[in-house]
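Below: one structure, written as structure tokens.
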Amino acid sequence: MDETVTIALAGICGYGSFYVRHILDEGGARNVRLVAAVARRPERCPRLDEIKAAGAEIYHDLEEFYNAGNADLVIISSPIQLHCPYTCMALENNSNVLCEKPLSGSVQDGLEMAESEKNSEGFVGIGYQASFSDAVQALKRDILAGDFGRPLRLKTLREAPRKTSYYARNDWAGKMRSEDGAWILDSPVNNANAHFLHNMFYVCGDSRETSAKPVEVRAELYRANAIENYDTAALRCRTENGTEILFYTSHAVPSDVGPVSLYEFEEGVISQMKGCGTGFTARLKNGEVREYGSPFEGGANKIWQCVDSVRTGEPVVCGIEAALSQTVCMSGAQESMPEIAEFPSDHVTTSEEEEGRSLVWVKGLQEAFMQCYARSLLPSEQGVEWACEGKTISL
């Protein structure tokens, strides 16, 4: 039987509940043991009694945990500004790490995490679950095998409404920095919809564990909600191999759209046309059609593959190096438009729902982004009346 792998969870509320559920419900069969949970307000976790019954101790921060014990694998589902210090602390204490996406709030933090990993015996996986999926791994194998030729242009449209309660749920949502000055840069590009930007870099990487590197970005960043950072973005990035990456995303919309993706290669196209539940379909120039399945099936693969890597020493498919491209692109986008553009007030409307859960959205934004996506243009290039042009940033 496989040796027991001990796990500590840093973050058990919010998205951390995903990890709680899978480890409590499936961990026994996979011979993993939950030894600790770290949370500032553990009472908010609905399964706290089960966590305690499993034998896990409760701590208020990671340093307190390491003063008392250790774990083979630390899963970090804490706020973005804690990704770097928690990852480095875990590595310094000889733990392996699965850190939830995004990698970090800044390129500097990402590089510090990489240096810490280099100087430790542990590994770091980054929780972009699509990268760990069977669908994306199969697609990437075929891309690496040369079946599709060189990547030319990849684009994705993802619009996901977020109500005012989303920004009120904690003290860092929509923020650029934490109170102590740590970078957060929370946005749809660096949080909820980061998967879709990352995946375009990842499938173009020149090995299983790497992503294509961005060298230039131009972005348009907009805001409808009363937040520090942006809730809407359109960006164009170019990689070192000349591939064009286009990404359109917003939380200030009335309804859910996408992800809609089209990956254009020399010898075929790969598309995802009907949202998260649908798979990638590839159509090659020779007439062959390949179905790859949904990249969001098997979302817990990232947990169990990291557990396997603890036992075998094999590298994880998505680590710091693979995730850094999204961070570099995201940071460059912020530099492209350092002053976030406000949507005109006569375009912004609020749908009143139950108290604290109203939705702020922009009239005509969905239609404008759909047109931009179809034509592979940014809003300023499309001539959208509220559009503001960002600077081109060398990365």
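Here, A, B, ... name the chains of the structure tokens in the order displayed, residue numbers run from 1 inside each chain, and ligands are numbered from 1 in the same displayed order.
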
Strand (DSSP E or B) per DSSP on the backbone: members of region 109-339 of chain A, as a PDB file with N, CA and C atoms, in the first residue's frame:
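Dumped everything to part.pdb:
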```
ATOM      1  N   VAL A 124       6.597  22.739  -5.783  1.00  0.00           N
ATOM      2  CA  VAL A 124       5.414  23.597  -5.717  1.00  0.00           C
ATOM      3  C   VAL A 124       4.556  23.333  -6.939  1.00  0.00           C
ATOM      4  N   GLY A 125       3.312  22.942  -6.705  1.00  0.00           N
ATOM      5  CA  GLY A 125       2.320  22.872  -7.758  1.00  0.00           C
ATOM      6  C   GLY A 125       1.402  24.081  -7.637  1.00  0.00           C
ATOM      7  N   ILE A 126       0.929  24.595  -8.770  1.00  0.00           N
ATOM      8  CA  ILE A 126       0.000  25.722  -8.762  1.00  0.00           C
ATOM      9  C   ILE A 126      -1.348  25.223  -9.286  1.00  0.00           C
ATOM     10  N   PRO A 151       1.650  27.416 -33.224  1.00  0.00           N
ATOM     11  CA  PRO A 151       0.498  28.212 -32.778  1.00  0.00           C
ATOM     12  C   PRO A 151       0.564  29.628 -33.360  1.00  0.00           C
ATOM     13  N   LEU A 152      -0.553  30.102 -33.889  1.00  0.00           N
ATOM     14  CA  LEU A 152      -0.605  31.417 -34.516  1.00  0.00           C
ATOM     15  C   LEU A 152      -1.326  32.437 -33.643  1.00  0.00           C
ATOM     16  N   ARG A 153      -2.555  32.128 -33.292  1.00  0.00           N
ATOM     17  CA  ARG A 153      -3.359  33.036 -32.470  1.00  0.00           C
ATOM     18  C   ARG A 153      -4.290  32.217 -31.582  1.00  0.00           C
ATOM     19  N   LEU A 154      -4.309  32.546 -30.281  1.00  0.00           N
ATOM     20  CA  LEU A 154      -5.230  31.908 -29.336  1.00  0.00           C
ATOM     21  C   LEU A 154      -6.042  33.016 -28.677  1.00  0.00           C
ATOM     22  N   LYS A 155      -7.349  32.811 -28.586  1.00  0.00           N
ATOM     23  CA  LYS A 155      -8.194  33.838 -27.969  1.00  0.00           C
ATOM     24  C   LYS A 155      -9.305  33.185 -27.152  1.00  0.00           C
ATOM     25  N   THR A 156      -9.685  33.869 -26.084  1.00  0.00           N
ATOM     26  CA  THR A 156     -10.731  33.378 -25.183  1.00  0.00           C
ATOM     27  C   THR A 156     -11.584  34.540 -24.706  1.00  0.00           C
ATOM     28  N   LEU A 157     -12.888  34.314 -24.667  1.00  0.00           N
ATOM     29  CA  LEU A 157     -13.855  35.245 -24.091  1.00  0.00           C
ATOM     30  C   LEU A 157     -14.504  34.559 -22.899  1.00  0.00           C
ATOM     31  N   ARG A 158     -14.433  35.205 -21.725  1.00  0.00           N
ATOM     32  CA  ARG A 158     -15.065  34.656 -20.527  1.00  0.00           C
ATOM     33  C   ARG A 158     -15.679  35.794 -19.716  1.00  0.00           C
ATOM     34  N   GLU A 159     -17.015  35.785 -19.615  1.00  0.00           N
ATOM     35  CA  GLU A 159     -17.738  36.796 -18.849  1.00  0.00           C
ATOM     36  C   GLU A 159     -18.505  36.099 -17.731  1.00  0.00           C
ATOM     37  N   ARG A 177      -3.395  46.322  -3.304  1.00  0.00           N
ATOM     38  CA  ARG A 177      -2.453  45.951  -2.253  1.00  0.00           C
ATOM     39  C   ARG A 177      -3.207  45.647  -0.962  1.00  0.00           C
ATOM     40  N   TRP A 183       1.424  43.114  -2.643  1.00  0.00           N
ATOM     41  CA  TRP A 183       0.648  43.134  -3.887  1.00  0.00           C
ATOM     42  C   TRP A 183      -0.406  42.036  -3.882  1.00  0.00           C
ATOM     43  N   PRO A 214       5.422  35.278 -22.395  1.00  0.00           N
ATOM     44  CA  PRO A 214       4.979  36.523 -23.012  1.00  0.00           C
ATOM     45  C   PRO A 214       6.115  37.536 -23.091  1.00  0.00           C
ATOM     46  N   VAL A 215       6.157  38.299 -24.180  1.00  0.00           N
ATOM     47  CA  VAL A 215       7.202  39.319 -24.328  1.00  0.00           C
ATOM     48  C   VAL A 215       6.622  40.709 -24.522  1.00  0.00           C
ATOM     49  N   GLU A 216       5.318  40.809 -24.778  1.00  0.00           N
ATOM     50  CA  GLU A 216       4.699  42.117 -25.017  1.00  0.00           C
ATOM     51  C   GLU A 216       3.218  42.029 -24.702  1.00  0.00           C
ATOM     52  N   VAL A 217       2.666  43.076 -24.101  1.00  0.00           N
ATOM     53  CA  VAL A 217       1.242  43.092 -23.816  1.00  0.00           C
ATOM     54  C   VAL A 217       0.696  44.509 -23.952  1.00  0.00           C
ATOM     55  N   ARG A 218      -0.534  44.583 -24.414  1.00  0.00           N
ATOM     56  CA  ARG A 218      -1.274  45.843 -24.446  1.00  0.00           C
ATOM     57  C   ARG A 218      -2.656  45.545 -23.900  1.00  0.00           C
ATOM     58  N   ALA A 219      -3.102  46.331 -22.939  1.00  0.00           N
ATOM     59  CA  ALA A 219      -4.350  46.011 -22.255  1.00  0.00           C
ATOM     60  C   ALA A 219      -5.256  47.229 -22.161  1.00  0.00           C
ATOM     61  N   GLU A 220      -6.547  46.947 -22.013  1.00  0.00           N
ATOM     62  CA  GLU A 220      -7.548  47.957 -21.713  1.00  0.00           C
ATOM     63  C   GLU A 220      -8.304  47.479 -20.476  1.00  0.00           C
ATOM     64  N   LEU A 221      -8.228  48.264 -19.405  1.00  0.00           N
ATOM     65  CA  LEU A 221      -8.761  47.874 -18.108  1.00  0.00           C
ATOM     66  C   LEU A 221      -9.856  48.851 -17.687  1.00  0.00           C
ATOM     67  N   TYR A 222     -11.004  48.309 -17.286  1.00  0.00           N
ATOM     68  CA  TYR A 222     -12.175  49.128 -16.996  1.00  0.00           C
ATOM     69  C   TYR A 222     -12.803  48.730 -15.670  1.00  0.00           C
ATOM     70  N   ARG A 223     -13.597  49.680 -15.135  1.00  0.00           N
ATOM     71  CA  ARG A 223     -14.210  49.455 -13.835  1.00  0.00           C
ATOM     72  C   ARG A 223     -15.636  50.012 -13.826  1.00  0.00           C
ATOM     73  N   THR A 232     -13.128  44.514 -15.540  1.00  0.00           N
ATOM     74  CA  THR A 232     -13.291  44.219 -16.958  1.00  0.00           C
ATOM     75  C   THR A 232     -11.963  44.442 -17.664  1.00  0.00           C
ATOM     76  N   ALA A 233     -11.590  43.537 -18.557  1.00  0.00           N
ATOM     77  CA  ALA A 233     -10.300  43.668 -19.236  1.00  0.00           C
ATOM     78  C   ALA A 233     -10.353  43.071 -20.634  1.00  0.00           C
ATOM     79  N   ALA A 234      -9.603  43.696 -21.523  1.00  0.00           N
ATOM     80  CA  ALA A 234      -9.319  43.126 -22.838  1.00  0.00           C
ATOM     81  C   ALA A 234      -7.827  43.310 -23.063  1.00  0.00           C
ATOM     82  N   LEU A 235      -7.146  42.245 -23.491  1.00  0.00           N
ATOM     83  CA  LEU A 235      -5.704  42.380 -23.675  1.00  0.00           C
ATOM     84  C   LEU A 235      -5.214  41.560 -24.859  1.00  0.00           C
ATOM     85  N   ARG A 236      -4.138  42.069 -25.414  1.00  0.00           N
ATOM     86  CA  ARG A 236      -3.426  41.346 -26.477  1.00  0.00           C
ATOM     87  C   ARG A 236      -1.991  41.157 -26.029  1.00  0.00           C
ATOM     88  N   CYS A 237      -1.529  39.926 -26.103  1.00  0.00           N
ATOM     89  CA  CYS A 237      -0.164  39.590 -25.700  1.00  0.00           C
ATOM     90  C   CYS A 237       0.515  38.846 -26.846  1.00  0.00           C
ATOM     91  N   ARG A 238       1.811  39.013 -26.949  1.00  0.00           N
ATOM     92  CA  ARG A 238       2.591  38.224 -27.909  1.00  0.00           C
ATOM     93  C   ARG A 238       3.661  37.447 -27.152  1.00  0.00           C
ATOM     94  N   THR A 239       3.863  36.207 -27.576  1.00  0.00           N
ATOM     95  CA  THR A 239       4.864  35.363 -26.934  1.00  0.00           C
ATOM     96  C   THR A 239       6.185  35.456 -27.669  1.00  0.00           C
ATOM     97  N   GLU A 244       0.046  35.214 -31.002  1.00  0.00           N
ATOM     98  CA  GLU A 244      -0.812  36.262 -30.466  1.00  0.00           C
ATOM     99  C   GLU A 244      -1.810  35.640 -29.486  1.00  0.00           C
ATOM    100  N   ILE A 245      -1.918  36.237 -28.302  1.00  0.00           N
ATOM    101  CA  ILE A 245      -2.859  35.796 -27.270  1.00  0.00           C
ATOM    102  C   ILE A 245      -3.845  36.928 -27.007  1.00  0.00           C
ATOM    103  N   LEU A 246      -5.146  36.661 -27.145  1.00  0.00           N
ATOM    104  CA  LEU A 246      -6.185  37.643 -26.877  1.00  0.00           C
ATOM    105  C   LEU A 246      -7.104  37.134 -25.784  1.00  0.00           C
ATOM    106  N   PHE A 247      -7.439  38.025 -24.841  1.00  0.00           N
ATOM    107  CA  PHE A 247      -8.276  37.622 -23.711  1.00  0.00           C
ATOM    108  C   PHE A 247      -9.262  38.730 -23.385  1.00  0.00           C
ATOM    109  N   TYR A 248     -10.537  38.348 -23.287  1.00  0.00           N
ATOM    110  CA  TYR A 248     -11.620  39.281 -22.971  1.00  0.00           C
ATOM    111  C   TYR A 248     -12.370  38.733 -21.755  1.00  0.00           C
ATOM    112  N   THR A 249     -12.488  39.540 -20.699  1.00  0.00           N
ATOM    113  CA  THR A 249     -13.119  39.024 -19.486  1.00  0.00           C
ATOM    114  C   THR A 249     -13.761  40.150 -18.693  1.00  0.00           C
ATOM    115  N   SER A 250     -14.855  39.844 -18.005  1.00  0.00           N
ATOM    116  CA  SER A 250     -15.534  40.849 -17.209  1.00  0.00           C
ATOM    117  C   SER A 250     -16.393  40.204 -16.127  1.00  0.00           C
ATOM    118  N   VAL A 257     -21.189  34.113 -19.843  1.00  0.00           N
ATOM    119  CA  VAL A 257     -20.832  33.778 -21.222  1.00  0.00           C
ATOM    120  C   VAL A 257     -19.489  33.065 -21.229  1.00  0.00           C
ATOM    121  N   GLY A 258     -19.430  31.913 -21.884  1.00  0.00           N
ATOM    122  CA  GLY A 258     -18.172  31.233 -22.097  1.00  0.00           C
ATOM    123  C   GLY A 258     -17.749  30.326 -20.954  1.00  0.00           C
ATOM    124  N   PRO A 259     -16.481  29.865 -21.011  1.00  0.00           N
ATOM    125  CA  PRO A 259     -15.472  30.345 -21.926  1.00  0.00           C
ATOM    126  C   PRO A 259     -15.723  29.907 -23.369  1.00  0.00           C
ATOM    127  N   VAL A 260     -15.516  30.878 -24.247  1.00  0.00           N
ATOM    128  CA  VAL A 260     -15.508  30.610 -25.680  1.00  0.00           C
ATOM    129  C   VAL A 260     -14.070  30.798 -26.139  1.00  0.00           C
ATOM    130  N   SER A 261     -13.503  29.780 -26.740  1.00  0.00           N
ATOM    131  CA  SER A 261     -12.086  29.833 -27.111  1.00  0.00           C
ATOM    132  C   SER A 261     -11.874  29.350 -28.531  1.00  0.00           C
ATOM    133  N   LEU A 262     -10.883  29.929 -29.191  1.00  0.00           N
ATOM    134  CA  LEU A 262     -10.440  29.470 -30.502  1.00  0.00           C
ATOM    135  C   LEU A 262      -8.927  29.553 -30.527  1.00  0.00           C
ATOM    136  N   TYR A 263      -8.301  28.388 -30.675  1.00  0.00           N
ATOM    137  CA  TYR A 263      -6.845  28.307 -30.757  1.00  0.00           C
ATOM    138  C   TYR A 263      -6.483  27.982 -32.204  1.00  0.00           C
ATOM    139  N   GLU A 264      -5.833  28.920 -32.877  1.00  0.00           N
ATOM    140  CA  GLU A 264      -5.502  28.746 -34.291  1.00  0.00           C
ATOM    141  C   GLU A 264      -4.041  28.324 -34.444  1.00  0.00           C
ATOM    142  N   PHE A 265      -3.839  27.216 -35.150  1.00  0.00           N
ATOM    143  CA  PHE A 265      -2.515  26.692 -35.435  1.00  0.00           C
ATOM    144  C   PHE A 265      -2.331  26.578 -36.950  1.00  0.00           C
ATOM    145  N   GLY A 268      -4.445  23.453 -38.083  1.00  0.00           N
ATOM    146  CA  GLY A 268      -5.787  23.186 -37.592  1.00  0.00           C
ATOM    147  C   GLY A 268      -6.202  24.187 -36.529  1.00  0.00           C
ATOM    148  N   VAL A 269      -7.433  24.054 -36.075  1.00  0.00           N
ATOM    149  CA  VAL A 269      -7.955  24.929 -35.024  1.00  0.00           C
ATOM    150  C   VAL A 269      -8.545  24.079 -33.901  1.00  0.00           C
ATOM    151  N   ILE A 270      -8.461  24.612 -32.699  1.00  0.00           N
ATOM    152  CA  ILE A 270      -9.001  23.960 -31.510  1.00  0.00           C
ATOM    153  C   ILE A 270     -10.002  24.926 -30.897  1.00  0.00           C
ATOM    154  N   SER A 271     -11.207  24.448 -30.616  1.00  0.00           N
ATOM    155  CA  SER A 271     -12.230  25.368 -30.136  1.00  0.00           C
ATOM    156  C   SER A 271     -12.945  24.795 -28.914  1.00  0.00           C
ATOM    157  N   GLN A 272     -13.452  25.708 -28.105  1.00  0.00           N
ATOM    158  CA  GLN A 272     -14.352  25.399 -27.006  1.00  0.00           C
ATOM    159  C   GLN A 272     -15.443  26.462 -27.095  1.00  0.00           C
ATOM    160  N   PHE A 280     -12.804  20.572 -25.564  1.00  0.00           N
ATOM    161  CA  PHE A 280     -12.082  21.082 -26.717  1.00  0.00           C
ATOM    162  C   PHE A 280     -12.324  20.169 -27.917  1.00  0.00           C
ATOM    163  N   THR A 281     -12.608  20.775 -29.048  1.00  0.00           N
ATOM    164  CA  THR A 281     -12.734  20.055 -30.312  1.00  0.00           C
ATOM    165  C   THR A 281     -11.674  20.581 -31.268  1.00  0.00           C
ATOM    166  N   ALA A 282     -10.910  19.671 -31.857  1.00  0.00           N
ATOM    167  CA  ALA A 282      -9.872  20.056 -32.806  1.00  0.00           C
ATOM    168  C   ALA A 282     -10.273  19.633 -34.210  1.00  0.00           C
ATOM    169  N   ARG A 283     -10.074  20.536 -35.150  1.00  0.00           N
ATOM    170  CA  ARG A 283     -10.336  20.257 -36.568  1.00  0.00           C
ATOM    171  C   ARG A 283      -9.060  20.540 -37.347  1.00  0.00           C
ATOM    172  N   LEU A 284      -8.479  19.470 -37.871  1.00  0.00           N
ATOM    173  CA  LEU A 284      -7.236  19.616 -38.614  1.00  0.00           C
ATOM    174  C   LEU A 284      -7.520  19.882 -40.087  1.00  0.00           C
ATOM    175  N   VAL A 289     -11.129  15.180 -37.119  1.00  0.00           N
ATOM    176  CA  VAL A 289     -11.725  15.856 -35.960  1.00  0.00           C
ATOM    177  C   VAL A 289     -11.365  15.071 -34.708  1.00  0.00           C
ATOM    178  N   ARG A 290     -10.890  15.769 -33.687  1.00  0.00           N
ATOM    179  CA  ARG A 290     -10.528  15.120 -32.425  1.00  0.00           C
ATOM    180  C   ARG A 290     -11.288  15.787 -31.280  1.00  0.00           C
ATOM    181  N   GLU A 291     -11.851  14.972 -30.401  1.00  0.00           N
ATOM    182  CA  GLU A 291     -12.539  15.463 -29.209  1.00  0.00           C
ATOM    183  C   GLU A 291     -11.661  15.188 -27.988  1.00  0.00           C
ATOM    184  N   TYR A 292     -11.442  16.234 -27.174  1.00  0.00           N
ATOM    185  CA  TYR A 292     -10.537  16.100 -26.040  1.00  0.00           C
ATOM    186  C   TYR A 292     -11.229  16.099 -24.680  1.00  0.00           C
ATOM    187  N   GLY A 293     -12.516  16.350 -24.652  1.00  0.00           N
ATOM    188  CA  GLY A 293     -13.210  16.382 -23.370  1.00  0.00           C
ATOM    189  C   GLY A 293     -13.055  17.718 -22.673  1.00  0.00           C
ATOM    190  N   GLY A 319       3.682  23.847 -12.316  1.00  0.00           N
ATOM    191  CA  GLY A 319       4.366  24.409 -11.169  1.00  0.00           C
ATOM    192  C   GLY A 319       4.586  25.902 -11.354  1.00  0.00           C
TER     193      GLY A 319
END
```

Identify, with DSSP run on backbone atoms, the residues in region 58-271 of chain A assigned to alpha helix (DSSP H), and express the list as a PDB file with C-alpha atoms, in the first residue's frame.
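Contents of the output file states23.pdb:
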```pdb
ATOM      1  CA  LEU A  62       1.047  28.834   9.168  1.00  0.00           C
ATOM      2  CA  GLU A  63       3.881  29.877  11.474  1.00  0.00           C
ATOM      3  CA  GLU A  64       1.855  28.647  14.451  1.00  0.00           C
ATOM      4  CA  PHE A  65       1.417  25.306  12.702  1.00  0.00           C
ATOM      5  CA  TYR A  66       5.141  24.891  12.014  1.00  0.00           C
ATOM      6  CA  ASN A  67       5.962  25.716  15.610  1.00  0.00           C
ATOM      7  CA  ALA A  68       3.940  22.622  16.506  1.00  0.00           C
ATOM      8  CA  HIS A  83       0.694  32.808  -1.536  1.00  0.00           C
ATOM      9  CA  CYS A  84       4.332  33.887  -1.550  1.00  0.00           C
ATOM     10  CA  PRO A  85       5.081  33.999   2.211  1.00  0.00           C
ATOM     11  CA  TYR A  86       3.151  30.807   2.936  1.00  0.00           C
ATOM     12  CA  THR A  87       4.771  28.911   0.040  1.00  0.00           C
ATOM     13  CA  CYS A  88       8.268  30.017   1.060  1.00  0.00           C
ATOM     14  CA  MET A  89       7.612  29.153   4.709  1.00  0.00           C
ATOM     15  CA  ALA A  90       6.371  25.688   3.778  1.00  0.00           C
ATOM     16  CA  LEU A  91       9.416  25.028   1.579  1.00  0.00           C
ATOM     17  CA  GLU A  92      11.776  26.234   4.317  1.00  0.00           C
ATOM     18  CA  VAL A 107       6.244  38.912 -10.646  1.00  0.00           C
ATOM     19  CA  GLN A 108       8.685  39.621  -7.802  1.00  0.00           C
ATOM     20  CA  ASP A 109       6.709  37.376  -5.468  1.00  0.00           C
ATOM     21  CA  GLY A 110       6.599  34.645  -8.104  1.00  0.00           C
ATOM     22  CA  LEU A 111      10.365  34.805  -8.572  1.00  0.00           C
ATOM     23  CA  GLU A 112      10.889  34.695  -4.803  1.00  0.00           C
ATOM     24  CA  MET A 113       8.765  31.544  -4.674  1.00  0.00           C
ATOM     25  CA  ALA A 114      10.826  30.018  -7.498  1.00  0.00           C
ATOM     26  CA  GLU A 115      14.085  30.800  -5.685  1.00  0.00           C
ATOM     27  CA  SER A 116      12.760  29.280  -2.482  1.00  0.00           C
ATOM     28  CA  GLU A 117      11.751  26.120  -4.346  1.00  0.00           C
ATOM     29  CA  LYS A 118      15.189  25.926  -5.958  1.00  0.00           C
ATOM     30  CA  ASP A 134      -6.833  14.603 -18.843  1.00  0.00           C
ATOM     31  CA  ALA A 135      -8.257  16.815 -21.598  1.00  0.00           C
ATOM     32  CA  VAL A 136      -5.546  19.479 -21.516  1.00  0.00           C
ATOM     33  CA  GLN A 137      -2.774  16.944 -21.053  1.00  0.00           C
ATOM     34  CA  ALA A 138      -3.966  14.994 -24.101  1.00  0.00           C
ATOM     35  CA  LEU A 139      -4.269  18.192 -26.121  1.00  0.00           C
ATOM     36  CA  LYS A 140      -0.818  19.364 -25.090  1.00  0.00           C
ATOM     37  CA  ARG A 141       0.739  16.003 -25.990  1.00  0.00           C
ATOM     38  CA  ASP A 142      -0.619  16.327 -29.517  1.00  0.00           C
ATOM     39  CA  ILE A 143       0.557  19.940 -29.777  1.00  0.00           C
ATOM     40  CA  LEU A 144       4.031  18.958 -28.585  1.00  0.00           C
ATOM     41  CA  THR A 164     -21.527  43.289  -4.860  1.00  0.00           C
ATOM     42  CA  SER A 165     -21.374  40.584  -2.194  1.00  0.00           C
ATOM     43  CA  TYR A 166     -18.408  39.086  -4.074  1.00  0.00           C
ATOM     44  CA  TYR A 167     -16.381  42.218  -3.416  1.00  0.00           C
ATOM     45  CA  ALA A 168     -17.641  42.516   0.164  1.00  0.00           C
ATOM     46  CA  ALA A 194      -7.113  33.514 -14.568  1.00  0.00           C
ATOM     47  CA  HIS A 195      -7.474  29.866 -15.673  1.00  0.00           C
ATOM     48  CA  PHE A 196      -8.365  30.825 -19.213  1.00  0.00           C
ATOM     49  CA  LEU A 197      -5.436  33.184 -19.770  1.00  0.00           C
ATOM     50  CA  HIS A 198      -3.010  30.729 -18.189  1.00  0.00           C
ATOM     51  CA  ASN A 199      -4.279  27.855 -20.332  1.00  0.00           C
ATOM     52  CA  MET A 200      -3.453  29.668 -23.583  1.00  0.00           C
ATOM     53  CA  PHE A 201       0.156  30.098 -22.464  1.00  0.00           C
ATOM     54  CA  TYR A 202       0.297  26.578 -21.048  1.00  0.00           C
ATOM     55  CA  VAL A 203      -0.777  24.634 -24.135  1.00  0.00           C
TER      56      VAL A 203
END
```

For this session: May I ask for the distance between CA of Glu179 (chain A) and CA of Lys391 (chain A), given in Å to one decimal place?
Result: 28.6 Å

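Each of A:Val328, A:Ala322, A:Asp206, A:Thr278 was compared to Glu297 (chain A) using only C-alpha atoms, and A:Thr278 turns out to be the nearest.
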
For this session: Counting only C-alpha atoms, figure out which residue out of A:Cys372, A:Ala341, A:Val97, A:Val74 gets nearest to Val316 (chain A).
Result: A:Val97

For this session: Considering only C-alpha atoms, return as number ranges by chain whatever protein or nucleic-acid residues lie within 12 Å of Asp308 (chain A), sequence-local ones (same chain, fewer than 2 positions apart) excluded.
Result: A: 2-5, 30-32, 72-73, 96, 123, 125, 301-306, 310-317

Residues just named, written with C-alpha atoms as a PDB file, in the first residue's frame:
```pdb
ATOM      1  CA  ASP A   2       1.177   3.544  -0.735  1.00  0.00           C
ATOM      2  CA  GLU A   3       2.793   5.313   2.184  1.00  0.00           C
ATOM      3  CA  THR A   4       0.596   7.740   4.096  1.00  0.00           C
ATOM      4  CA  VAL A   5       0.897  11.371   2.980  1.00  0.00           C
ATOM      5  CA  ARG A  30      -6.028   7.469  -1.108  1.00  0.00           C
ATOM      6  CA  ASN A  31      -4.137   7.007   2.168  1.00  0.00           C
ATOM      7  CA  VAL A  32      -3.766  10.677   2.989  1.00  0.00           C
ATOM      8  CA  ASP A  72       4.349  16.252   3.684  1.00  0.00           C
ATOM      9  CA  LEU A  73       2.082  18.497   1.607  1.00  0.00           C
ATOM     10  CA  ASN A  96       5.840  20.216  -0.563  1.00  0.00           C
ATOM     11  CA  PHE A 123       8.145  21.044  -5.014  1.00  0.00           C
ATOM     12  CA  GLY A 125       2.320  22.872  -7.758  1.00  0.00           C
ATOM     13  CA  ASN A 301      -6.740  15.808 -10.102  1.00  0.00           C
ATOM     14  CA  LYS A 302      -4.432  18.565  -8.876  1.00  0.00           C
ATOM     15  CA  ILE A 303      -4.676  17.255  -5.318  1.00  0.00           C
ATOM     16  CA  TRP A 304      -4.044  13.612  -6.097  1.00  0.00           C
ATOM     17  CA  GLN A 305      -1.306  14.265  -8.653  1.00  0.00           C
ATOM     18  CA  CYS A 306       0.560  16.326  -6.056  1.00  0.00           C
ATOM     19  CA  VAL A 310       5.179  13.460  -2.898  1.00  0.00           C
ATOM     20  CA  ARG A 311       5.467   9.664  -3.091  1.00  0.00           C
ATOM     21  CA  THR A 312       7.340   9.350  -6.392  1.00  0.00           C
ATOM     22  CA  GLY A 313       9.384  12.532  -6.721  1.00  0.00           C
ATOM     23  CA  GLU A 314       8.014  13.070 -10.235  1.00  0.00           C
ATOM     24  CA  PRO A 315       7.565  16.726 -11.297  1.00  0.00           C
ATOM     25  CA  VAL A 316       4.062  18.196 -11.272  1.00  0.00           C
ATOM     26  CA  VAL A 317       2.567  19.230 -14.605  1.00  0.00           C
TER      27      VAL A 317
END
```

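Each of A:Ile320, A:Ala226, A:Ala374, A:Val384 was compared to Tyr128 (chain A) using only C-alpha atoms, and A:Ile320 turns out to be the nearest.
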
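A straight line drawn from CA of Gly122 (chain A) to CA of Trp172 (chain A) is 29.0 Å long.
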